[in-house]
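> Got a structure for you, questions after.
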Amino acid sequence: MASELTCQELVELVTEFVEGTLSGSELERFEQHLVYCGPCTAHVEQMRETIRVTGALREDDLDPAVADELLEAFRGWREGQP
Amino acid sequence: MARGPAVTAYKFLRAGRVGPFSGFQWPVDAWVESDARVPCYAGIHACRTGDLPFWLMDELWEIELGGDVADGARKLVADCGRLVRRIESWDAAAASEFASACLERVRTLASRQPAAEGHLADLESWAPRAGAVAVASLAARAYEASGGAEAYDAERAAQSEWLVARLGLGAAGGEPRAQRT
Amino acid sequence: MLAMPETEAPMPEESVASRDDVALVAALRAGDEAAFTELVGRYGALMLRVARLYVPTRAIAEEVVQETWLGVLRGIGRFEGRSSLKTWVFRILTNTAQTRGAREGRTLPFSALAQRELDNDEASVDPDRFIPQGERWAGYWASSPRRFDDLPESRLASAETFAAVKHAIDELPEVQRAVITMRDIAGFTAEDVCETLALSQGNQRVLLHRARTKVRQALERHLGEGVA
């Protein structure tokens, strides 16, 4: 095993790093590389931003016709309740 | 809090006593406990003298570790820690001298092994803009390219010895314990 | 003594019904229309997106969602709060969608499709971005990636950026699309996704990694405009 991760090896581990599933020694090597490597730090930041932007995706509003149908279904269900 | 005898070690932090990965700002002279969410790794991290070259950052502190202390491959891991004093001798000037010393050793290597001349040339062009920790890694890799793992380890040991001498550091980490990997 | 957060690991999601959940369920049981409208507004569009992972058309996905809401109402008397309301609703959804998907000819389960996707070896980042094998600093970045958070928020949060991300997700292979949708859009835990899609933890992680790296690449291209 080489003494240190290369950048090309590190990028394969980014998701495990962010998920918190790297083992103790893997995590140590990962962090040790980040301390000196600006480009890899930028890459990890890109991944974090990607996750953030994905999480910020807002779905289109529900079609009003569909919302109406659902409300009808709700009233129908409510009627049938004891 | 401490279960065994307190252990003295060193800790690098970003400017303003900030942890590089947690973003946590350390208080001075107050015990800090780790929030143990990740098993086998959770804990306060600190350096033995041999670990110093891997973690060079803006600020160097002497830290007292308490509770269970375990040896990682390139760090100590402890239940809690307390920053004792800043090592003022680690400053921008010292970092610059450190980088020059690394470069000097790579020059020595290249004079013995012409295959390392390319590494030396690259390092000489990068060193002015690269941080000390990057120069340390690149120098160690240059040695590794020429002489394998042994040479890598020897260069890292030389880097550690330089820091201990230049910064006037005492021993750190206490007696070795079982490795926690 | 101060407690220091040690790592990046995300906080585990709420796994039981919150007070808000409990209040909403009580209101639904009492026939409160506003509560129902609130619930539909909160999850409806996301449910459509998740249903769409299982069935061939949007129209069928809409039917699945309708059916799910009926199932929610019929079952609301049995909800015990041992999971969050969201988890419970989406469990009904994925079961409904799975059944409907099978009827529509989806015969391969996600786990089988996953194997196909995993059998392809993929590099997370184009190897051209790194110094090649055999050279002095092989494996190092040839040029540095640019941080996204250096860009103004207006660019990151623009409609075009979201469209680029949506498009990248829509283009993903099926299981990668399902995993990233459920994890990063719908906010489910890794455990939930593994259970729902019948994936091992390891495979879920690999597929999530591949999905995220493709979206990252699309985002980099969209934001980069000329940067390698």
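Each chain in the structure tokens gets a letter, A, B, ..., in the order shown, and its residues are numbered from 1; ligands are numbered from 1 in order too.
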Which polymer residues have any atom within 9 Å of an atom of Gln98 in chain C, counting only C-alpha atoms, with same-chain residues fewer than 4 positions away left out, as a list of chain:residue names?
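The neighbour list is C:Ala51, C:Tyr54, C:Val55, C:Leu93, C:Thr94, C:Ala102, C:Arg103, C:Arg106, C:Pro109.
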> Can I get the selection written as a PDB file, in the first residue's frame, with C-alpha atoms?

ATOM      1  CA  ALA C  51     -43.602   6.927  -8.252  1.00  0.00           C
ATOM      2  CA  TYR C  54     -41.250   2.575 -10.883  1.00  0.00           C
ATOM      3  CA  VAL C  55     -43.716   3.099 -13.762  1.00  0.00           C
ATOM      4  CA  LEU C  93     -46.336   4.779  -2.148  1.00  0.00           C
ATOM      5  CA  THR C  94     -43.414   2.519  -3.009  1.00  0.00           C
ATOM      6  CA  ALA C 102     -45.012  -5.036 -12.170  1.00  0.00           C
ATOM      7  CA  ARG C 103     -48.419  -4.866 -13.876  1.00  0.00           C
ATOM      8  CA  ARG C 106     -41.449  -3.899 -15.070  1.00  0.00           C
ATOM      9  CA  PRO C 109     -36.471  -5.533  -9.496  1.00  0.00           C
TER      10      PRO C 109
END
> Quick one: contact table of range 80-152 of chain B to range 34-43 of chain A, 9 Å max, nearest atom pair and distance in Å to one decimal per residue, counting only C-alpha atoms, chain and number order, as CSV?

residue,atom,partner,partner_atom,distance
B:Ala130,CA,A:Tyr36,CA,8.9
B:Gly131,CA,A:Tyr36,CA,7.5
B:Ala132,CA,A:Tyr36,CA,8.4
B:Val133,CA,A:Tyr36,CA,5.5
B:Ala134,CA,A:Tyr36,CA,4.7
B:Val135,CA,A:Tyr36,CA,8.5
B:Ala136,CA,A:Tyr36,CA,8.9
B:Ser137,CA,A:Tyr36,CA,7.6
> Which residues come within 10 Å of Glu49 in chain A, counting only C-alpha atoms, excluding same-chain residues fewer than 2 positions away, as number ranges by chain?
A: 43-47, 51-55; C: 147-149, 156, 216, 219
> Please write the residues from the selection above to a file, keeping N, CA and C atoms, as a CSV table (one decimal), in the first residue's frame.

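Okay, part_27.csv is ready:
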chain,number,residue,atom,x,y,z
A,43,HIS,N,-12.6,19.9,-4.8
A,43,HIS,CA,-13.5,18.8,-5.4
A,43,HIS,C,-14.5,18.4,-4.3
A,44,VAL,N,-14.0,18.2,-3.1
A,44,VAL,CA,-15.0,17.8,-2.0
A,44,VAL,C,-16.0,18.9,-1.8
A,45,GLU,N,-15.6,20.1,-1.9
A,45,GLU,CA,-16.6,21.2,-1.8
A,45,GLU,C,-17.6,21.2,-2.9
A,46,GLN,N,-17.1,20.9,-4.1
A,46,GLN,CA,-18.0,20.8,-5.3
A,46,GLN,C,-19.1,19.7,-5.0
A,47,MET,N,-18.6,18.6,-4.5
A,47,MET,CA,-19.6,17.5,-4.2
A,47,MET,C,-20.6,17.9,-3.1
A,51,ILE,N,-24.7,18.2,-3.6
A,51,ILE,CA,-25.7,17.6,-2.8
A,51,ILE,C,-26.7,18.7,-2.3
A,52,ARG,N,-26.2,19.9,-2.0
A,52,ARG,CA,-27.0,20.9,-1.5
A,52,ARG,C,-28.0,21.4,-2.6
A,53,VAL,N,-27.5,21.6,-3.8
A,53,VAL,CA,-28.3,22.1,-4.8
A,53,VAL,C,-29.4,21.1,-5.2
A,54,THR,N,-29.0,19.8,-5.2
A,54,THR,CA,-29.9,18.7,-5.5
A,54,THR,C,-31.1,18.7,-4.4
A,55,GLY,N,-30.7,18.9,-3.2
A,55,GLY,CA,-31.6,18.9,-2.1
A,55,GLY,C,-32.5,20.1,-2.2
C,147,ARG,N,-14.0,25.9,-7.0
C,147,ARG,CA,-15.0,25.7,-6.0
C,147,ARG,C,-16.3,26.3,-6.5
C,148,PHE,N,-17.5,25.7,-6.2
C,148,PHE,CA,-18.8,26.2,-6.6
C,148,PHE,C,-19.2,27.4,-5.7
C,149,ASP,N,-18.7,27.3,-4.4
C,149,ASP,CA,-19.2,28.3,-3.5
C,149,ASP,C,-18.5,29.7,-3.7
C,156,LEU,N,-25.9,29.9,-8.5
C,156,LEU,CA,-26.1,28.6,-8.0
C,156,LEU,C,-27.6,28.3,-7.9
C,216,ARG,N,-22.5,16.1,-10.3
C,216,ARG,CA,-21.4,17.1,-10.0
C,216,ARG,C,-20.8,17.6,-11.4
C,219,LEU,N,-23.0,19.8,-13.3
C,219,LEU,CA,-23.1,21.1,-12.6
C,219,LEU,C,-21.8,21.9,-12.9
> Within 7 Å of chain A, which residues belong to chain C? Use only C-alpha atoms and report them as a list of chain:residue names.
C:Glu8, C:Ala9, C:Pro10, C:Gly31, C:Gly44, C:Ala45, C:Leu46, C:Ser124, C:Phe130, C:Gly139, C:Tyr140, C:Trp141, C:Ser144, C:Pro145, C:Arg146, C:Arg147, C:Phe148, C:Phe162, C:Val165, C:Asp184, C:Ile185, C:His209, C:Arg216
> Can you pull out every residue within 10 Å of Ala116 in chain B, counting only C-alpha atoms, but drop anything in the same chain fewer than 2 positions away, and send it as a list of chain:residue names?
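So the residues in contact are B:Val106, B:Arg107, B:Thr108, B:Leu109, B:Ala110, B:Ser111, B:Arg112, B:Gln113, B:Pro114, B:Gly118, B:His119, B:Leu120, B:Ala121, B:Ala142, B:Tyr143, B:Ala145, B:Ser146, C:Arg136.
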> Give me, as a VMD selection string, the residues of chain B touching chain C, with the criterion being at most 6 Å (counting only C-alpha atoms).
chain B and resid 22 31 to 35
> Nearest residue to chain B out of A:Ala65, A:Gly76, A:Ser25, A:Glu4, using only C-alpha atoms?
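For chain B, the nearest of the given residues is A:Ser25.
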